[in-house]
$ cat upload38.tsv   # TSV, C-alpha atoms and all ligand atoms
chain	number	residue	atom	x	y	z
A	252	MET	CA	40.11	20.38	24.58
A	253	ALA	CA	39.34	17.09	22.86
A	254	LYS	CA	42.12	15.31	21.01
A	255	ILE	CA	41.88	14.01	17.43
A	256	ILE	CA	43.87	10.79	17.45
A	257	GLY	CA	43.55	9.95	13.75
A	258	GLY	CA	41.29	8.42	11.17
A	259	VAL	CA	40.29	5.14	9.60
A	260	GLY	CA	38.72	4.57	6.20
A	261	THR	CA	37.01	1.28	5.38
A	262	SER	CA	34.71	-0.25	2.80
A	263	HIS	CA	31.20	-1.25	3.87
A	264	ILE	CA	29.64	-4.01	1.79
A	265	PRO	CA	26.50	-5.76	3.04
A	266	ALA	CA	28.04	-9.18	2.28
A	267	ILE	CA	30.67	-8.45	4.97
A	268	GLY	CA	27.85	-8.53	7.52
A	269	GLY	CA	26.80	-11.95	6.24
A	270	ALA	CA	30.39	-13.23	6.37
A	271	ILE	CA	30.81	-12.05	9.99
A	272	HIS	CA	27.48	-13.63	10.93
A	273	LYS	CA	28.51	-16.97	9.39
A	274	GLY	CA	32.07	-16.81	10.73
A	275	LEU	CA	33.69	-16.94	7.27
A	276	GLN	CA	36.57	-14.55	8.05
A	277	ASP	CA	39.28	-17.18	7.47
A	278	GLN	CA	37.87	-18.62	4.26
A	279	PRO	CA	39.99	-18.02	1.12
A	280	TYR	CA	37.49	-15.56	-0.38
A	281	TRP	CA	37.30	-13.45	2.78
A	282	LYS	CA	40.72	-13.74	4.40
A	283	PRO	CA	42.49	-11.14	2.18
A	284	PHE	CA	39.83	-8.66	3.23
A	285	PHE	CA	39.53	-9.42	6.95
A	286	SER	CA	43.30	-9.75	7.40
A	287	GLY	CA	43.54	-6.00	6.78
A	288	PHE	CA	41.93	-5.21	10.11
A	289	PRO	CA	44.05	-6.60	13.01
A	290	PRO	CA	46.82	-3.95	12.60
A	291	VAL	CA	44.16	-1.23	12.58
A	292	ARG	CA	42.51	-2.70	15.68
A	293	ASP	CA	45.90	-2.86	17.41
A	294	TRP	CA	46.47	0.80	16.65
A	295	LEU	CA	43.00	1.69	17.98
A	296	ALA	CA	43.72	-0.27	21.15
A	297	THR	CA	46.76	1.95	21.74
A	298	ALA	CA	45.15	5.18	20.57
A	299	ARG	CA	42.08	4.54	22.79
A	300	PRO	CA	39.36	6.69	21.18
A	301	ASP	CA	36.30	7.46	23.35
A	302	VAL	CA	34.21	8.91	20.53
A	303	VAL	CA	34.06	8.31	16.77
A	304	VAL	CA	32.83	10.83	14.23
A	305	LEU	CA	31.65	8.62	11.40
A	306	PHE	CA	31.26	9.89	7.82
A	307	TYR	CA	28.97	7.55	5.92
A	308	ASN	CA	26.22	7.53	3.33
A	309	ASP	CA	22.71	6.32	4.01
A	310	HIS	CA	21.44	3.86	1.37
A	311	GLY	CA	17.69	4.53	1.48
A	312	LEU	CA	17.01	3.59	5.10
A	313	ASN	CA	16.82	6.81	7.11
A	314	PHE	CA	16.53	9.03	4.03
A	315	PHE	CA	14.79	7.96	0.87
A	316	LEU	CA	14.85	9.56	-2.57
A	317	ASP	CA	11.88	11.78	-1.72
A	318	LYS	CA	13.80	13.59	1.05
A	319	MET	CA	17.55	13.59	0.58
A	320	PRO	CA	19.73	15.92	2.65
A	321	THR	CA	23.16	16.68	1.22
A	322	PHE	CA	24.69	16.72	4.71
A	323	ALA	CA	22.99	15.44	7.87
A	324	VAL	CA	24.40	15.13	11.39
A	325	GLY	CA	23.11	12.75	14.03
A	326	ALA	CA	22.18	14.26	17.40
A	327	ALA	CA	20.56	11.20	18.93
A	328	PRO	CA	21.27	9.55	22.29
A	329	GLN	CA	21.56	6.24	20.46
A	330	TYR	CA	21.53	4.95	16.89
A	331	ILE	CA	19.38	1.99	16.03
A	332	SER	CA	20.46	-0.26	13.19
A	333	ALA	CA	17.95	-1.59	10.69
A	334	ASP	CA	18.15	-3.52	7.45
A	335	GLU	CA	17.43	-1.49	4.34
A	336	GLY	CA	16.88	-4.69	2.35
A	337	TRP	CA	20.08	-6.76	2.19
A	338	GLY	CA	18.91	-9.24	4.81
A	339	ILE	CA	22.01	-8.91	6.98
A	340	PRO	CA	21.67	-9.15	10.77
A	341	THR	CA	21.15	-5.84	12.54
A	342	GLN	CA	23.50	-4.75	15.34
A	343	PRO	CA	22.68	-3.60	18.87
A	344	PRO	CA	22.09	0.18	19.22
A	345	VAL	CA	25.23	2.32	19.48
A	346	ALA	CA	25.44	5.21	21.94
A	347	GLY	CA	25.70	8.75	20.63
A	348	ASN	CA	27.52	11.69	22.18
A	349	LEU	CA	25.00	14.52	22.27
A	350	ASP	CA	27.48	17.11	23.46
A	351	LEU	CA	29.81	16.58	20.50
A	352	SER	CA	26.88	16.24	18.07
A	353	TRP	CA	25.55	19.67	18.94
A	354	HIS	CA	29.01	21.21	19.01
A	355	VAL	CA	29.65	19.83	15.50
A	356	ILE	CA	26.26	21.09	14.31
A	357	GLU	CA	26.81	24.57	15.77
A	358	THR	CA	30.30	24.77	14.28
A	359	LEU	CA	29.07	23.63	10.86
A	360	ILE	CA	26.14	26.05	10.74
A	361	ASP	CA	28.46	28.86	11.82
A	362	ALA	CA	30.76	27.83	8.93
A	363	GLU	CA	27.75	28.08	6.55
A	364	PHE	CA	27.16	24.32	6.17
A	365	ASP	CA	23.40	24.33	6.75
A	366	VAL	CA	23.08	20.71	7.83
A	367	VAL	CA	19.99	18.68	8.65
A	368	THR	CA	19.98	17.69	12.33
A	369	CYS	CA	18.65	14.25	13.24
A	370	GLN	CA	17.55	13.57	16.80
A	371	GLU	CA	16.40	10.18	15.60
A	372	MET	CA	18.44	8.35	12.99
A	373	LEU	CA	18.24	4.77	11.82
A	374	VAL	CA	21.62	3.57	10.60
A	375	ASP	CA	22.31	1.04	7.85
A	376	HIS	CA	25.24	-1.22	6.94
A	377	ALA	CA	27.43	1.76	6.14
A	378	CYS	CA	27.37	2.81	9.79
A	379	THR	CA	27.23	-0.58	11.53
A	380	LEU	CA	29.79	-2.56	9.51
A	381	PRO	CA	32.81	-0.28	10.06
A	382	LEU	CA	32.14	-0.38	13.81
A	383	LYS	CA	31.82	-4.17	13.73
A	384	LEU	CA	35.02	-4.49	11.68
A	385	LEU	CA	36.97	-2.22	14.03
A	386	TRP	CA	35.53	-3.65	17.28
A	387	PRO	CA	34.39	-7.20	16.45
A	388	GLU	CA	34.02	-8.39	20.05
A	389	GLY	CA	31.16	-7.36	22.33
A	390	GLU	CA	29.62	-3.92	22.55
A	391	VAL	CA	31.02	-1.04	20.52
A	392	PRO	CA	33.29	0.67	23.11
A	393	VAL	CA	32.90	4.20	21.69
A	394	GLN	CA	30.13	6.74	21.34
A	395	ILE	CA	29.44	7.95	17.83
A	396	VAL	CA	28.48	11.10	15.95
A	397	PRO	CA	27.30	10.04	12.47
A	398	VAL	CA	27.72	12.56	9.65
A	399	CYS	CA	25.80	11.49	6.57
A	400	ILE	CA	26.85	12.71	3.11
A	401	ASN	CA	24.57	12.12	0.13
A	402	THR	CA	26.28	9.97	-2.48
A	403	VAL	CA	23.16	8.17	-3.71
A	404	GLN	CA	20.98	10.78	-5.45
A	405	PHE	CA	22.28	13.49	-7.75
A	406	PRO	CA	23.21	16.27	-7.39
A	407	LEU	CA	26.01	15.20	-5.03
A	408	PRO	CA	28.22	17.65	-3.15
A	409	LYS	CA	31.53	18.55	-4.82
A	410	ALA	CA	34.73	16.93	-3.55
A	411	SER	CA	36.10	20.34	-2.56
A	412	ARG	CA	32.95	21.02	-0.53
A	413	VAL	CA	33.16	17.64	1.19
A	414	TYR	CA	36.81	18.25	2.06
A	415	ALA	CA	35.85	21.65	3.51
A	416	LEU	CA	33.05	19.99	5.50
A	417	GLY	CA	35.58	17.55	6.91
A	418	GLN	CA	37.89	20.43	7.85
A	419	ALA	CA	35.04	22.18	9.67
A	420	VAL	CA	34.16	18.96	11.52
A	421	GLY	CA	37.82	18.69	12.50
A	422	ARG	CA	37.79	22.24	13.86
A	423	ALA	CA	34.67	21.35	15.84
A	424	ILE	CA	36.33	18.31	17.40
A	425	ALA	CA	39.53	20.24	18.19
A	426	SER	CA	37.54	23.04	19.88
A	427	TRP	CA	35.25	20.69	21.83
A	428	ASP	CA	35.57	21.44	25.53
A	429	SER	CA	36.19	17.87	26.61
A	430	ASP	CA	39.06	15.60	27.55
A	431	ARG	CA	37.78	12.87	25.19
A	432	ARG	CA	39.88	11.24	22.50
A	433	VAL	CA	38.20	11.28	19.11
A	434	ALA	CA	38.78	9.15	16.01
A	435	VAL	CA	37.30	9.97	12.60
A	436	VAL	CA	36.02	7.05	10.53
A	437	ALA	CA	35.10	7.07	6.83
A	438	SER	CA	32.80	4.38	5.44
A	439	GLY	CA	32.55	3.60	1.75
A	440	GLY	CA	34.32	2.82	-1.52
A	441	LEU	CA	36.61	2.32	-3.06
A	442	SER	CA	35.86	1.97	-6.78
A	443	HIS	CA	32.62	0.13	-7.55
A	444	GLN	CA	29.57	0.33	-9.72
A	445	LEU	CA	26.60	-1.87	-8.91
A	446	ASP	CA	24.39	-1.29	-11.93
A	447	GLY	CA	24.15	-0.01	-15.49
A	448	GLU	CA	26.46	-0.65	-18.43
A	449	ARG	CA	29.59	-0.45	-16.31
A	450	ALA	CA	28.34	-2.75	-13.51
A	451	GLY	CA	31.40	-4.37	-11.94
A	452	PHE	CA	33.67	-1.44	-12.89
A	453	ILE	CA	36.81	-1.23	-10.73
A	454	ASN	CA	39.78	1.14	-11.17
A	455	LYS	CA	42.79	-0.06	-9.21
A	456	PRO	CA	45.31	2.59	-10.41
A	457	PHE	CA	42.92	5.37	-9.43
A	458	ASP	CA	42.14	3.79	-6.03
A	459	LEU	CA	45.82	3.40	-5.18
A	460	GLN	CA	46.59	6.97	-6.23
A	461	PHE	CA	43.68	8.18	-4.12
A	462	LEU	CA	44.90	6.24	-1.06
A	463	ASP	CA	48.41	7.66	-1.47
A	464	SER	CA	47.05	11.17	-1.87
A	465	LEU	CA	45.33	10.96	1.49
A	466	GLU	CA	48.66	10.59	3.18
A	467	SER	CA	50.71	13.23	1.42
A	468	ASN	CA	48.53	15.43	-0.77
A	469	PRO	CA	45.05	15.32	0.74
A	470	GLN	CA	43.46	17.89	-1.58
A	471	TRP	CA	44.44	15.91	-4.69
A	472	ALA	CA	40.95	14.49	-5.27
A	473	THR	CA	39.31	17.90	-4.97
A	474	GLN	CA	40.55	18.71	-8.49
A	475	PHE	CA	37.89	16.35	-9.89
A	476	SER	CA	34.23	17.15	-10.48
A	477	VAL	CA	31.68	14.66	-9.19
A	478	HIS	CA	31.13	13.41	-12.75
A	479	GLU	CA	34.86	12.88	-13.18
A	480	LEU	CA	34.91	10.96	-9.89
A	481	VAL	CA	32.04	8.77	-11.12
A	482	GLU	CA	33.94	8.17	-14.36
A	483	LYS	CA	37.10	7.21	-12.45
A	484	SER	CA	35.62	5.28	-9.52
A	485	GLY	CA	32.12	4.15	-10.55
A	486	THR	CA	28.65	5.34	-9.59
A	487	GLN	CA	28.96	3.97	-6.06
A	488	GLY	CA	32.72	4.51	-5.94
A	489	VAL	CA	31.95	8.18	-5.23
A	490	GLU	CA	31.55	6.96	-1.65
A	491	LEU	CA	35.27	7.75	-1.53
A	492	LEU	CA	34.07	11.27	-0.68
A	493	MET	CA	33.73	9.97	2.92
A	494	TRP	CA	37.47	9.32	3.00
A	495	LEU	CA	38.10	12.83	1.78
A	496	ALA	CA	35.92	14.25	4.59
A	497	MET	CA	37.78	12.10	7.14
A	498	ARG	CA	41.14	13.36	5.86
A	499	GLY	CA	39.85	16.93	5.91
A	500	ALA	CA	38.95	16.51	9.59
A	501	LEU	CA	42.49	15.36	10.42
A	502	THR	CA	43.91	18.70	9.18
A	503	ALA	CA	42.62	20.23	12.43
A	504	ALA	CA	45.23	18.15	14.29
A	505	GLY	CA	48.16	19.33	12.15
A	506	PRO	CA	49.44	19.42	8.58
A	507	LYS	CA	50.77	15.86	8.48
A	508	VAL	CA	49.51	12.36	9.17
A	509	ARG	CA	51.35	9.10	9.69
A	510	ARG	CA	50.10	6.10	7.76
A	511	ILE	CA	49.68	3.20	10.17
A	512	HIS	CA	48.35	0.56	7.81
A	513	THR	CA	46.69	0.02	4.43
A	514	ASN	CA	45.05	-3.03	2.92
A	515	TYR	CA	43.62	-3.04	-0.62
A	516	HIS	CA	41.84	-6.08	-1.99
A	517	ILE	CA	39.76	-6.77	-5.14
A	518	PRO	CA	36.98	-7.77	-5.15
A	519	ILE	CA	34.51	-8.32	-2.37
A	520	SER	CA	31.15	-8.58	-4.07
A	521	ASN	CA	31.39	-5.87	-6.76
A	522	THR	CA	33.74	-3.61	-4.88
A	523	ALA	CA	37.44	-2.79	-4.63
A	524	THR	CA	37.92	-2.81	-0.87
A	525	ALA	CA	40.31	-0.95	1.35
A	526	VAL	CA	41.07	-0.19	4.95
A	527	MET	CA	43.54	2.46	5.98
A	528	ALA	CA	44.49	4.00	9.32
A	529	LEU	CA	46.12	7.42	9.57
A	530	GLU	CA	47.48	8.77	12.83
A	531	ALA	CA	47.13	12.49	13.42
A	532	ALA	CA	50.50	14.21	13.64
I	1	LIG	C1	27.94	-3.26	-2.42
I	1	LIG	C2	28.73	-2.14	-2.16
I	1	LIG	C3	28.21	-1.05	-1.46
I	1	LIG	O1	28.91	0.10	-1.19
I	1	LIG	C4	26.91	-1.08	-1.00
I	1	LIG	O2	26.47	-0.03	-0.27
I	1	LIG	C5	26.11	-2.18	-1.27
I	1	LIG	C6	26.62	-3.28	-1.98
I	1	LIG	C7	28.48	-4.45	-3.14
I	1	LIG	O3	29.59	-4.41	-3.70
I	1	LIG	O4	27.81	-5.50	-3.12
I	2	FE	FE	27.63	1.65	-0.24
$ encode --input "upload38.tsv" --output "structure tokens"
Amino acid sequence: MAKIIGGVGTSHIPAIGGAIHKGLQDQPYWKPFFSGFPPVRDWLATARPDVVVLFYNDHGLNFFLDKMPTFAVGAAPQYISADEGWGIPTQPPVAGNLDLSWHVIETLIDAEFDVVTCQEMLVDHACTLPLKLLWPEGEVPVQIVPVCINTVQFPLPKASRVYALGQAVGRAIASWDSDRRVAVVASGGLSHQLDGERAGFINKPFDLQFLDSLESNPQWATQFSVHELVEKSGTQGVELLMWLAMRGALTAAGPKVRRIHTNYHIPISNTATAVMALEAA
């Protein structure tokens, strides 16, 4: 059976793509953000994942407001990156793993998550930037299975539902008849709000409590309604639901996780950023 090696959560801000393109990683504005990644990359180099299940939210590229699935799973041989309007460079296509995609889809439907299946799927900065941050050199050395969770158009799925989705994805990985090593990546957050009266809103105490909860009390955030999460983390901060799904998936590997590394830095653009790696017990 496949092995879940652990999970990584990371922010995904379009400006990161611009900074990578211009080689600004060591500049004072960017260094506190980019310096969070080498320990995570070192851990990945030892943990050697072959496949990544990537929880992310599409921002109006593959799905627009007229057709918005709550949960969608990629089942494409490759994922082509495109720019949904930020003007950042696109990345080369990333290979999918069809076998795991369909096994995840079958497991989810059996568990009564009636997901949309996507045999073609354009991916935006939320999918490409985490991969670029984790594997900055050359081609992405893993195959991916993208799992898209709607956090852009209300109604959004409840935190408890997202956690349960993550748990079901974890069970799918753990029951996959394969000798592959699988990492789970979450893309999004942490607290940020890009528009409206509270534009620029950041909530450091809440973010730090959320990060801690993922290690020791993973269901902590499921006590909050989506509106409470928006209140605490901002309209776009609800992207932290991806981290909750990632942590849910790790439960399939055992009750505990080991925290490998965390970096929290405010702000990049309008966002409180974080990267965290958790090893499956
Ligand atoms: C920003 C953050 C996001 O999560 C996003 O998808 C786009 C922009 C920002 O802070 O600029
Ligand atoms: Fe986003």
$ residues_around --input "upload38.tsv" --residues "A:Ser520" --least-positions-apart "6" --cutoff "10 Å" --atoms "only C-alpha atoms" --output "PDB file with C-alpha atoms, in the frame of the given file"
ATOM      1  CA  ILE A 264      29.640  -4.010   1.790  1.00  0.00           C
ATOM      2  CA  PRO A 265      26.500  -5.760   3.040  1.00  0.00           C
ATOM      3  CA  ALA A 266      28.040  -9.180   2.280  1.00  0.00           C
ATOM      4  CA  ILE A 267      30.670  -8.450   4.970  1.00  0.00           C
ATOM      5  CA  HIS A 443      32.620   0.130  -7.550  1.00  0.00           C
ATOM      6  CA  LEU A 445      26.600  -1.870  -8.910  1.00  0.00           C
ATOM      7  CA  GLY A 451      31.400  -4.370 -11.940  1.00  0.00           C
TER       8      GLY A 451
END
$ atom_distance --input "upload38.tsv" --atom1 "atom CA of A:Pro300" --atom2 "atom CA of A:Ser429"
12.8 Å
$ residues_near_ligand --input "upload38.tsv" --ligand "ligand FE 2 (chain I)" --cutoff "7 Å" --atoms "all atoms listed in the file" --output "PDB file with C-alpha atoms, in the coordinates of the input"
ATOM      1  CA  HIS A 263      31.200  -1.250   3.870  1.00  0.00           C
ATOM      2  CA  ILE A 264      29.640  -4.010   1.790  1.00  0.00           C
ATOM      3  CA  HIS A 310      21.440   3.860   1.370  1.00  0.00           C
ATOM      4  CA  ALA A 377      27.430   1.760   6.140  1.00  0.00           C
ATOM      5  CA  GLY A 439      32.550   3.600   1.750  1.00  0.00           C
ATOM      6  CA  GLY A 440      34.320   2.820  -1.520  1.00  0.00           C
ATOM      7  CA  GLN A 487      28.960   3.970  -6.060  1.00  0.00           C
ATOM      8  CA  GLU A 490      31.550   6.960  -1.650  1.00  0.00           C
TER       9      GLU A 490
END
$ residues_around --input "upload38.tsv" --residues "A:Trp427" --least-positions-apart "3" --cutoff "7 Å" --atoms "only C-alpha atoms" --output "PDB file with C-alpha atoms, in the coordinates of the input"
ATOM      1  CA  MET A 252      40.110  20.380  24.580  1.00  0.00           C
ATOM      2  CA  ALA A 253      39.340  17.090  22.860  1.00  0.00           C
ATOM      3  CA  LEU A 351      29.810  16.580  20.500  1.00  0.00           C
ATOM      4  CA  HIS A 354      29.010  21.210  19.010  1.00  0.00           C
ATOM      5  CA  ALA A 423      34.670  21.350  15.840  1.00  0.00           C
ATOM      6  CA  ILE A 424      36.330  18.310  17.400  1.00  0.00           C
TER       7      ILE A 424
END
$ closest_residue --input "upload38.tsv" --among "A:Arg422, A:Arg509, A:Arg498, A:His478" --to "A:Ile356" --atoms "all atoms listed in the file"
A:Arg422
$ atom_distance --input "upload38.tsv" --atom1 "atom CA of A:Val259" --atom2 "atom CA of A:Leu295"
9.5 Å
$ closest_residue --input "upload38.tsv" --among "A:Tyr515, A:Trp337, A:Trp353, A:Trp294" --to "ligand LIG 1 (chain I)" --atoms "all atoms listed in the file"
A:Trp337
$ residues_around --input "upload38.tsv" --residues "A:Asn308" --least-positions-apart "3" --cutoff "6 Å" --atoms "only C-alpha atoms" --output "mmCIF file with C-alpha atoms, in the frame of the given file"
data_model
loop_
_atom_site.group_PDB
_atom_site.id
_atom_site.type_symbol
_atom_site.label_atom_id
_atom_site.label_comp_id
_atom_site.auth_asym_id
_atom_site.auth_seq_id
_atom_site.Cartn_x
_atom_site.Cartn_y
_atom_site.Cartn_z
ATOM 1 C CA CYS A 399 25.800 11.490 6.570
ATOM 2 C CA ILE A 400 26.850 12.710 3.110
ATOM 3 C CA ASN A 401 24.570 12.120 0.130
#
$ residues_around --input "upload38.tsv" --residues "A:Asp446" --least-positions-apart "6" --cutoff "12 Å" --atoms "all atoms listed in the file" --output "VMD selection string"
chain A and resid 452 485 to 488 521 to 522
$ write_last_selection --input "upload38.tsv" --atoms "C-alpha atoms" --output "PDB file, keeping the file's coordinate frame"
ATOM      1  CA  PHE A 452      33.670  -1.440 -12.890  1.00  0.00           C
ATOM      2  CA  GLY A 485      32.120   4.150 -10.550  1.00  0.00           C
ATOM      3  CA  THR A 486      28.650   5.340  -9.590  1.00  0.00           C
ATOM      4  CA  GLN A 487      28.960   3.970  -6.060  1.00  0.00           C
ATOM      5  CA  GLY A 488      32.720   4.510  -5.940  1.00  0.00           C
ATOM      6  CA  ASN A 521      31.390  -5.870  -6.760  1.00  0.00           C
ATOM      7  CA  THR A 522      33.740  -3.610  -4.880  1.00  0.00           C
TER       8      THR A 522
END
$ residues_near_point --input "upload38.tsv" --point "(31.9, 3.6, 13.8)" --cutoff "10 Å" --atoms "all atoms listed in the file" --output "NGL selection string"
:A and (259 or 302-307 or 345 or 377-386 or 391-397 or 434-438)
$ closest_residue --input "upload38.tsv" --among "A:Ile360, A:Ala528, A:Leu441, A:Ala425" --to "A:Ala500" --atoms "all atoms listed in the file"
A:Ala425
$ residues_around --input "upload38.tsv" --residues "A:Val374" --least-positions-apart "6" --cutoff "9 Å" --atoms "all atoms listed in the file" --output "count of residues only"
9
$ atom_distance --input "upload38.tsv" --atom1 "atom CA of A:Gly347" --atom2 "atom CA of A:Pro328"
4.8 Å
$ closest_residue --input "upload38.tsv" --among "A:Gly389, A:Pro290, A:Pro340, A:Pro518" --to "ligand LIG 1 (chain I)" --atoms "all atoms listed in the file"
A:Pro518
$ closest_residue --input "upload38.tsv" --among "A:His376, A:Lys273, A:Lys282, A:Arg432" --to "ligand LIG 1 (chain I)" --atoms "all atoms listed in the file"
A:His376
$ closest_residue --input "upload38.tsv" --among "A:Ile519, A:Ala503, A:Val477, A:Ala525" --to "ligand LIG 1 (chain I)" --atoms "all atoms listed in the file"
A:Ile519
$ build_atoms --input "upload38.tsv" --residues "stretch 458-466 of chain A" --atoms "all heavy atoms" --output "compact mmCIF listing (two decimals), in the coordinates of the input"
# COMPACT_ATOMS: atom_id res chain seq x y z
N ASP A 458 42.30 4.04 -7.48
CA ASP A 458 42.14 3.79 -6.03
C ASP A 458 43.47 3.95 -5.30
O ASP A 458 43.54 4.58 -4.24
CB ASP A 458 41.63 2.36 -5.78
CG ASP A 458 40.16 2.19 -6.13
OD1 ASP A 458 39.44 3.20 -6.24
OD2 ASP A 458 39.74 1.02 -6.29
N LEU A 459 44.53 3.37 -5.87
CA LEU A 459 45.82 3.40 -5.18
C LEU A 459 46.36 4.83 -5.13
O LEU A 459 46.94 5.25 -4.12
CB LEU A 459 46.81 2.45 -5.86
CG LEU A 459 46.41 0.96 -5.78
CD1 LEU A 459 47.48 0.09 -6.45
CD2 LEU A 459 46.19 0.49 -4.34
N GLN A 460 46.14 5.57 -6.23
CA GLN A 460 46.59 6.97 -6.23
C GLN A 460 45.80 7.78 -5.19
O GLN A 460 46.36 8.62 -4.49
CB GLN A 460 46.40 7.56 -7.63
CG GLN A 460 47.22 8.80 -7.84
CD GLN A 460 47.26 9.23 -9.29
OE1 GLN A 460 46.59 8.66 -10.15
NE2 GLN A 460 48.04 10.26 -9.56
N PHE A 461 44.52 7.48 -5.11
CA PHE A 461 43.68 8.18 -4.12
C PHE A 461 44.17 7.88 -2.70
O PHE A 461 44.33 8.79 -1.87
CB PHE A 461 42.21 7.78 -4.30
CG PHE A 461 41.31 8.35 -3.25
CD1 PHE A 461 41.08 9.73 -3.21
CD2 PHE A 461 40.69 7.54 -2.31
CE1 PHE A 461 40.25 10.28 -2.22
CE2 PHE A 461 39.86 8.08 -1.34
CZ PHE A 461 39.64 9.45 -1.29
N LEU A 462 44.42 6.61 -2.41
CA LEU A 462 44.90 6.24 -1.06
C LEU A 462 46.21 6.96 -0.74
O LEU A 462 46.37 7.52 0.35
CB LEU A 462 45.08 4.72 -0.95
CG LEU A 462 43.79 3.89 -0.93
CD1 LEU A 462 44.12 2.40 -1.01
CD2 LEU A 462 42.96 4.18 0.32
N ASP A 463 47.13 6.96 -1.69
CA ASP A 463 48.41 7.66 -1.47
C ASP A 463 48.20 9.15 -1.23
O ASP A 463 48.85 9.75 -0.38
CB ASP A 463 49.34 7.47 -2.67
CG ASP A 463 49.98 6.08 -2.67
OD1 ASP A 463 49.89 5.40 -1.63
OD2 ASP A 463 50.53 5.68 -3.71
N SER A 464 47.27 9.72 -1.99
CA SER A 464 47.05 11.17 -1.87
C SER A 464 46.58 11.53 -0.47
O SER A 464 46.89 12.61 0.04
CB SER A 464 46.03 11.65 -2.91
OG SER A 464 44.71 11.33 -2.54
N LEU A 465 45.85 10.64 0.16
CA LEU A 465 45.33 10.96 1.49
C LEU A 465 46.46 11.15 2.49
O LEU A 465 46.34 11.92 3.44
CB LEU A 465 44.37 9.86 1.97
CG LEU A 465 43.06 9.77 1.20
CD1 LEU A 465 42.23 8.61 1.73
CD2 LEU A 465 42.25 11.07 1.28
N GLU A 466 47.55 10.45 2.25
CA GLU A 466 48.66 10.59 3.18
C GLU A 466 49.40 11.91 2.94
O GLU A 466 49.64 12.68 3.87
CB GLU A 466 49.61 9.40 3.02
CG GLU A 466 50.75 9.43 4.02
CD GLU A 466 51.70 8.24 3.84
OE1 GLU A 466 51.49 7.41 2.96
OE2 GLU A 466 52.66 8.20 4.62
